[in-house]
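The file data_36.csv contains CSV, C-alpha atoms:
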```csv
chain,number,residue,atom,x,y,z
B,108,ASP,CA,-1.7,16.3,-6.1
B,109,VAL,CA,0.8,13.5,-6.1
B,110,LYS,CA,0.8,11.5,-9.2
B,111,VAL,CA,2.3,8.0,-9.6
B,112,THR,CA,2.0,6.4,-13.0
B,113,GLN,CA,2.7,2.9,-14.1
B,114,SER,CA,3.5,1.9,-17.7
B,115,SER,CA,0.8,-0.7,-18.2
B,116,ARG,CA,-2.6,-1.5,-16.5
B,117,TYR,CA,-2.7,-5.0,-17.9
B,118,LEU,CA,0.1,-7.2,-19.2
B,119,VAL,CA,0.1,-10.8,-20.4
B,120,LYS,CA,3.5,-12.5,-20.8
B,121,ARG,CA,4.8,-16.0,-21.5
B,122,THR,CA,6.8,-18.0,-19.1
B,123,GLY,CA,10.5,-17.2,-19.5
B,124,GLU,CA,10.1,-13.8,-20.9
B,125,LYS,CA,11.9,-10.8,-19.4
B,126,VAL,CA,9.3,-8.3,-18.2
B,127,PHE,CA,9.8,-4.6,-17.4
B,128,LEU,CA,7.4,-2.6,-15.3
B,129,GLU,CA,8.0,1.1,-15.0
B,130,CYS,CA,6.9,3.6,-12.4
B,131,VAL,CA,7.1,7.4,-12.5
B,132,GLN,CA,6.3,9.9,-9.8
B,133,ASP,CA,6.1,13.6,-10.2
B,134,MET,CA,6.5,14.8,-6.6
B,135,ASP,CA,10.2,14.7,-6.1
B,136,HIS,CA,9.8,11.9,-3.6
B,137,GLU,CA,13.0,10.2,-2.3
B,138,ASN,CA,11.5,6.8,-1.6
B,139,MET,CA,10.0,4.5,-4.1
B,140,PHE,CA,8.6,1.0,-3.6
B,141,TRP,CA,7.4,-2.0,-5.5
B,142,TYR,CA,4.8,-4.3,-4.0
B,143,ARG,CA,2.8,-7.2,-5.2
B,144,GLN,CA,-0.7,-7.9,-3.9
B,145,ASP,CA,-2.3,-11.3,-3.9
B,146,PRO,CA,-5.7,-12.4,-2.5
B,147,GLY,CA,-5.4,-13.3,1.2
B,148,LEU,CA,-1.8,-12.2,1.4
B,149,GLY,CA,-2.1,-8.4,1.3
B,150,LEU,CA,0.7,-6.2,0.0
B,151,ARG,CA,4.2,-7.7,0.1
B,152,LEU,CA,7.3,-5.5,-0.5
B,153,ILE,CA,9.5,-6.7,-3.3
B,154,TYR,CA,12.1,-3.9,-3.4
B,155,PHE,CA,12.5,-0.3,-2.4
B,156,SER,CA,14.8,2.6,-3.1
B,157,TYR,CA,15.6,5.6,-0.9
B,158,ASP,CA,17.8,7.4,-3.5
B,159,VAL,CA,19.0,7.3,-7.0
B,160,LYS,CA,20.9,4.1,-7.7
B,161,MET,CA,20.2,2.9,-4.2
B,162,LYS,CA,18.0,-0.2,-3.7
B,163,GLU,CA,17.1,-2.5,-0.8
B,164,LYS,CA,15.5,-5.9,-0.9
B,165,GLY,CA,12.1,-6.2,0.6
B,166,ASP,CA,10.4,-9.4,1.9
B,167,ILE,CA,10.1,-11.2,-1.4
B,168,PRO,CA,12.9,-10.1,-3.8
B,169,GLU,CA,13.6,-13.5,-5.4
B,170,GLY,CA,13.0,-13.5,-9.2
B,171,TYR,CA,13.0,-9.7,-9.3
B,172,SER,CA,15.5,-6.9,-9.8
B,173,VAL,CA,15.1,-3.1,-9.9
B,174,SER,CA,16.7,-0.1,-11.4
B,175,ARG,CA,16.6,3.6,-10.3
B,176,GLU,CA,18.7,5.7,-12.6
B,177,LYS,CA,16.6,8.9,-12.1
B,178,LYS,CA,14.8,10.1,-9.0
B,179,GLU,CA,11.4,10.0,-10.6
B,180,ARG,CA,11.6,6.6,-12.1
B,181,PHE,CA,11.7,3.1,-10.6
B,182,SER,CA,11.7,0.0,-12.7
B,183,LEU,CA,10.9,-3.5,-11.7
B,184,ILE,CA,12.3,-6.3,-13.8
B,185,LEU,CA,11.2,-9.9,-13.9
B,186,GLU,CA,14.3,-11.6,-15.3
B,187,SER,CA,12.5,-14.8,-16.4
B,188,ALA,CA,8.8,-14.6,-15.8
B,189,SER,CA,7.1,-17.6,-14.1
B,190,THR,CA,3.4,-18.4,-13.5
B,191,ASN,CA,3.8,-17.8,-9.8
B,192,GLN,CA,4.6,-14.2,-10.6
B,193,THR,CA,1.1,-13.6,-11.9
B,194,SER,CA,-0.1,-10.8,-9.6
B,195,MET,CA,-1.1,-7.2,-9.2
B,196,TYR,CA,2.0,-5.0,-9.0
B,197,LEU,CA,1.8,-1.7,-7.2
B,198,CYS,CA,4.4,1.0,-7.2
B,199,ALA,CA,4.4,3.6,-4.4
B,200,SER,CA,6.4,6.7,-3.5
B,201,SER,CA,6.9,8.7,-0.3
B,202,SER,CA,9.0,11.4,1.2
B,203,PRO,CA,10.1,11.6,4.9
B,204,GLY,CA,9.9,15.4,4.6
B,205,GLN,CA,6.3,15.3,3.4
B,206,GLY,CA,4.6,13.3,6.1
B,207,ASP,CA,5.7,9.7,5.2
B,208,GLU,CA,2.5,8.9,3.5
B,209,GLN,CA,2.8,6.5,0.6
B,210,TYR,CA,1.1,7.3,-2.7
B,211,PHE,CA,0.3,4.4,-5.1
B,212,GLY,CA,0.2,4.1,-8.8
B,213,PRO,CA,-2.9,2.5,-10.4
B,214,GLY,CA,-1.2,-1.0,-10.5
B,215,THR,CA,-0.2,-3.4,-13.3
B,216,ARG,CA,-2.1,-6.7,-13.4
B,217,LEU,CA,0.4,-9.1,-14.8
B,218,THR,CA,-0.6,-12.5,-16.1
B,219,VAL,CA,2.1,-15.0,-16.9
B,220,THR,CA,1.0,-18.0,-19.0
K,274,ARG,CA,1.6,-13.3,15.4
K,275,LYS,CA,1.2,-11.0,12.4
K,276,GLU,CA,2.8,-7.6,12.7
K,277,VAL,CA,-0.4,-5.8,11.8
K,278,GLU,CA,-3.8,-7.5,12.3
K,279,GLN,CA,-7.2,-6.6,11.1
K,280,ASP,CA,-10.6,-8.3,11.2
K,281,PRO,CA,-11.2,-9.2,7.6
K,282,GLY,CA,-15.0,-8.7,7.9
K,283,PRO,CA,-17.1,-8.3,5.9
K,284,PHE,CA,-18.9,-5.7,8.0
K,285,ASN,CA,-22.3,-5.3,6.5
K,286,VAL,CA,-24.0,-2.2,7.7
K,287,PRO,CA,-27.1,-0.2,6.6
K,288,GLU,CA,-26.7,3.3,5.1
K,289,GLY,CA,-26.5,5.9,7.8
K,290,ALA,CA,-25.0,3.5,10.4
K,291,THR,CA,-21.8,4.2,12.3
K,292,VAL,CA,-19.1,1.5,12.0
K,293,ALA,CA,-15.7,1.1,13.6
K,294,PHE,CA,-12.6,-0.9,12.7
K,295,ASN,CA,-9.7,-1.7,14.9
K,296,CYS,CA,-6.2,-2.6,13.9
K,297,THR,CA,-3.5,-4.0,16.2
K,298,TYR,CA,0.2,-3.8,15.7
K,299,SER,CA,2.9,-5.8,17.5
K,300,ASN,CA,6.0,-3.6,17.2
K,301,SER,CA,6.2,-0.9,19.8
K,302,ALA,CA,8.8,1.0,17.8
K,303,SER,CA,6.1,1.8,15.1
K,304,GLN,CA,6.2,5.5,14.4
K,305,SER,CA,3.6,6.4,11.8
K,306,PHE,CA,0.1,5.1,11.2
K,307,PHE,CA,-2.2,5.4,8.3
K,308,TRP,CA,-5.6,4.2,7.0
K,309,TYR,CA,-6.0,3.5,3.3
K,310,ARG,CA,-9.1,2.7,1.3
K,311,GLN,CA,-8.9,0.2,-1.5
K,312,ASP,CA,-11.7,-0.4,-4.0
K,313,CYS,CA,-11.9,-3.7,-5.9
K,314,ARG,CA,-9.1,-4.1,-8.4
K,315,LYS,CA,-7.8,-0.6,-7.7
K,316,GLU,CA,-4.8,0.8,-5.9
K,317,PRO,CA,-4.9,1.7,-2.2
K,318,LYS,CA,-5.6,5.4,-1.6
K,319,LEU,CA,-4.7,7.3,1.4
K,320,LEU,CA,-7.7,8.0,3.6
K,321,MET,CA,-5.9,9.6,6.6
K,322,SER,CA,-2.8,9.6,8.7
K,323,VAL,CA,-3.3,8.8,12.3
K,324,TYR,CA,-1.8,11.2,14.9
K,325,SER,CA,-1.2,10.6,18.6
K,326,SER,CA,-3.9,13.2,19.4
K,327,GLY,CA,-6.4,11.6,17.0
K,328,ASN,CA,-7.8,13.3,14.0
K,329,GLU,CA,-11.0,13.8,12.2
K,330,ASP,CA,-11.9,14.4,8.5
K,331,GLY,CA,-15.6,14.9,7.9
K,332,ARG,CA,-17.3,11.6,8.8
K,333,PHE,CA,-14.1,9.8,9.5
K,334,THR,CA,-12.2,9.7,12.8
K,335,ALA,CA,-9.0,8.0,13.5
K,336,GLN,CA,-7.5,7.3,16.9
K,337,LEU,CA,-4.2,5.9,18.1
K,338,ASN,CA,-3.7,4.0,21.4
K,339,ARG,CA,0.0,3.4,21.9
K,340,ALA,CA,-0.3,1.8,25.2
K,341,SER,CA,-2.6,-1.0,23.8
K,342,GLN,CA,-0.9,-0.8,20.4
K,343,TYR,CA,-4.0,-0.3,18.2
K,344,ILE,CA,-5.4,2.2,15.9
K,345,SER,CA,-9.1,2.7,15.0
K,346,LEU,CA,-11.2,4.1,12.3
K,347,LEU,CA,-14.7,5.3,12.9
K,348,ILE,CA,-17.1,6.1,10.0
K,349,ARG,CA,-20.2,8.0,10.8
K,350,ASP,CA,-23.4,8.2,8.6
K,351,SER,CA,-22.1,5.5,6.2
K,352,LYS,CA,-22.7,6.0,2.5
K,353,LEU,CA,-23.0,3.3,-0.2
K,354,SER,CA,-19.8,4.8,-1.6
K,355,ASP,CA,-17.9,3.9,1.6
K,356,SER,CA,-18.1,0.2,0.5
K,357,ALA,CA,-14.5,-0.8,0.1
K,358,THR,CA,-11.6,-2.5,1.9
K,359,TYR,CA,-9.9,-0.5,4.6
K,360,LEU,CA,-6.2,-1.1,5.1
K,361,CYS,CA,-4.3,-0.3,8.2
K,362,VAL,CA,-0.6,0.6,7.6
K,363,VAL,CA,2.2,1.0,10.1
K,364,ASN,CA,5.6,2.6,9.4
K,365,MET,CA,8.9,1.8,11.0
K,366,LYS,CA,10.7,4.9,10.0
K,367,ALA,CA,14.3,3.8,10.6
K,368,THR,CA,13.8,0.8,8.3
K,369,TYR,CA,11.7,2.5,5.5
K,370,LYS,CA,9.4,-0.3,6.1
K,371,TYR,CA,5.6,-0.1,5.8
K,372,ILE,CA,3.6,-3.0,7.2
K,373,PHE,CA,0.2,-3.5,5.7
K,374,GLY,CA,-2.7,-5.3,7.3
K,375,THR,CA,-4.7,-7.5,5.0
K,376,GLY,CA,-7.7,-5.2,5.2
K,377,THR,CA,-11.2,-5.0,6.6
K,378,ARG,CA,-14.0,-5.2,4.0
K,379,LEU,CA,-17.0,-2.9,4.5
K,380,LYS,CA,-20.3,-3.2,2.6
K,381,VAL,CA,-22.8,-0.5,3.1
K,382,LEU,CA,-26.3,-1.7,2.2
K,383,ALA,CA,-29.2,0.4,0.9
```
Go ahead and render the structure in this file as structure tokens.
Amino acid sequence: DVKVTQSSRYLVKRTGEKVFLECVQDMDHENMFWYRQDPGLGLRLIYFSYDVKMKEKGDIPEGYSVSREKKERFSLILESASTNQTSMYLCASSSPGQGDEQYFGPGTRLTVT
Amino acid sequence: RKEVEQDPGPFNVPEGATVAFNCTYSNSASQSFFWYRQDCRKEPKLLMSVYSSGNEDGRFTAQLNRASQYISLLIRDSKLSDSATYLCVVNMKATYKYIFGTGTRLKVLA
């Protein structure tokens, strides 16, 4: 079974703090993704990576950065958290050689106060 | 027009009923199609991939109609545990991009 884990299920941070969200997958997937999900807006892609040290902006990259130093790990960084970044953050991975299906981590519910 | 559109529902159906959802997509270059299930405050979980020839997994059947650009999900003999939001997802392989619908909410009633 594919397993995608995220470092925290719930996180509360203050405005202006730097926030790190980590994601690890154990299936040797090439592609990894960070989404946020908000009511009525569905899943929106923040960043994705198709290889180590490679990253591409998604639809809403502003205020975020990412890091992929190892194939299994993809980190999302909020440089200076703001209240409009309160959301559910979902990490996913996929492999073009394994059917293209995305597998999601359990999510991190981030609240910025 | 949204790239992937779903009726948000909710679809309220009695146990044992058959229910069908459709999802339309706008980009004819779409290559891969999926249905995911998402429970409240949980992550999306893959329900099934949708193949050109259609596919079935137990009580669930998925169909793809490329000419009309829609996919469908049929659930037979609905169970209470089928209550969830069903997300339609379309993949544009060349761009690594997955487009998600906003989901259709299903409530199966006792």
> Which polymer residues have any atom within 9 Å of an atom of Pro287 of chain K, counting all atoms listed in the file, with same-chain residues fewer than 5 positions away left out, as a list in words?
Replying inline: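 Near Pro287 of chain K, the qualifying residues are Ser351, Lys352, Leu353, Lys380, Val381, Leu382 and Ala383 of chain K.
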>> List the spatial neighbours of Gln144 of chain B as a PyMOL selection string - criterion: any atom at most 8 Å away, only C-alpha atoms, same-chain residues fewer than 3 positions off excluded.
In response: chain B and resi 148-151+194-197
Go ahead and save the picked residues with C-alpha atoms, as an mmCIF file, keeping the file's coordinate frame.
```
data_model
loop_
_atom_site.group_PDB
_atom_site.id
_atom_site.type_symbol
_atom_site.label_atom_id
_atom_site.label_comp_id
_atom_site.auth_asym_id
_atom_site.auth_seq_id
_atom_site.Cartn_x
_atom_site.Cartn_y
_atom_site.Cartn_z
ATOM 1 C CA LEU B 148 -1.800 -12.200 1.400
ATOM 2 C CA GLY B 149 -2.100 -8.400 1.300
ATOM 3 C CA LEU B 150 0.700 -6.200 0.000
ATOM 4 C CA ARG B 151 4.200 -7.700 0.100
ATOM 5 C CA SER B 194 -0.100 -10.800 -9.600
ATOM 6 C CA MET B 195 -1.100 -7.200 -9.200
ATOM 7 C CA TYR B 196 2.000 -5.000 -9.000
ATOM 8 C CA LEU B 197 1.800 -1.700 -7.200
#
```
>> Every residue with an atom at most 8 Å from (9.2, -14.1, -17.4) (file coordinates; only C-alpha atoms) is what I'm after, so could you write them as a PyMOL selection string?
In response: chain B and resi 120-126+185-189+219
> Can you list, as a PyMOL selection string, every protein, DNA or RNA residue that comes within 12 Å of Arg216 of chain B when you count only C-alpha atoms, leaving out same-chain residues fewer than 5 positions away?
Replying inline: (chain B and resi 113-120+128+142-145+192-198) or (chain K and resi 314-316)
>> Can you work out which residues from chain B touch chain K at a cut-off of 12 Å (counting only C-alpha atoms) and hand them back as number ranges by chain?
In response: B: 109-113, 116-117, 137-158, 162-166, 194-216
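When all atoms listed in the file are used to measure the gap to Gly282 of chain K, the shortest distance among K:Asp330, K:Ala357, K:Met365, K:Leu347 belongs to K:Ala357.
Separating atom CA of Arg339 of chain K from atom CA of Val292 of chain K is a distance of 21.6 Å.
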>> Please report the interatomic distance between atom CA of Gly289 of chain K and atom CA of Gln342 of chain K in Å with one decimal.
In response: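 Here the two named atoms are 29.3 Å from each other.
Residue neighbourhood of Glu329 of chain K, excluding near-sequence residues (fewer than 5 positions): Leu320, Met321, Ser322, Val323, Tyr324, Thr334, Ala335, Gln336, Leu337, Ser345, Leu346, Leu347, Ile348 and Arg349 of chain K, at 12 Å, using all atoms listed in the file.
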> So what do you get for atom CA of Ser174 of chain B versus atom CA of Arg310 of chain K, distance-wise?
Replying inline: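 Atom-to-atom, atom CA of Ser174 of chain B and atom CA of Arg310 of chain K are spaced 28.9 Å apart.
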> Pick the closest to Asn285 of chain K from K:Gln311, K:Ser356, K:Ser325, K:Ser303: which is it, counting all atoms listed in the file?
Replying inline: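 Among the listed residues, the smallest separation from Asn285 of chain K belongs to K:Ser356.
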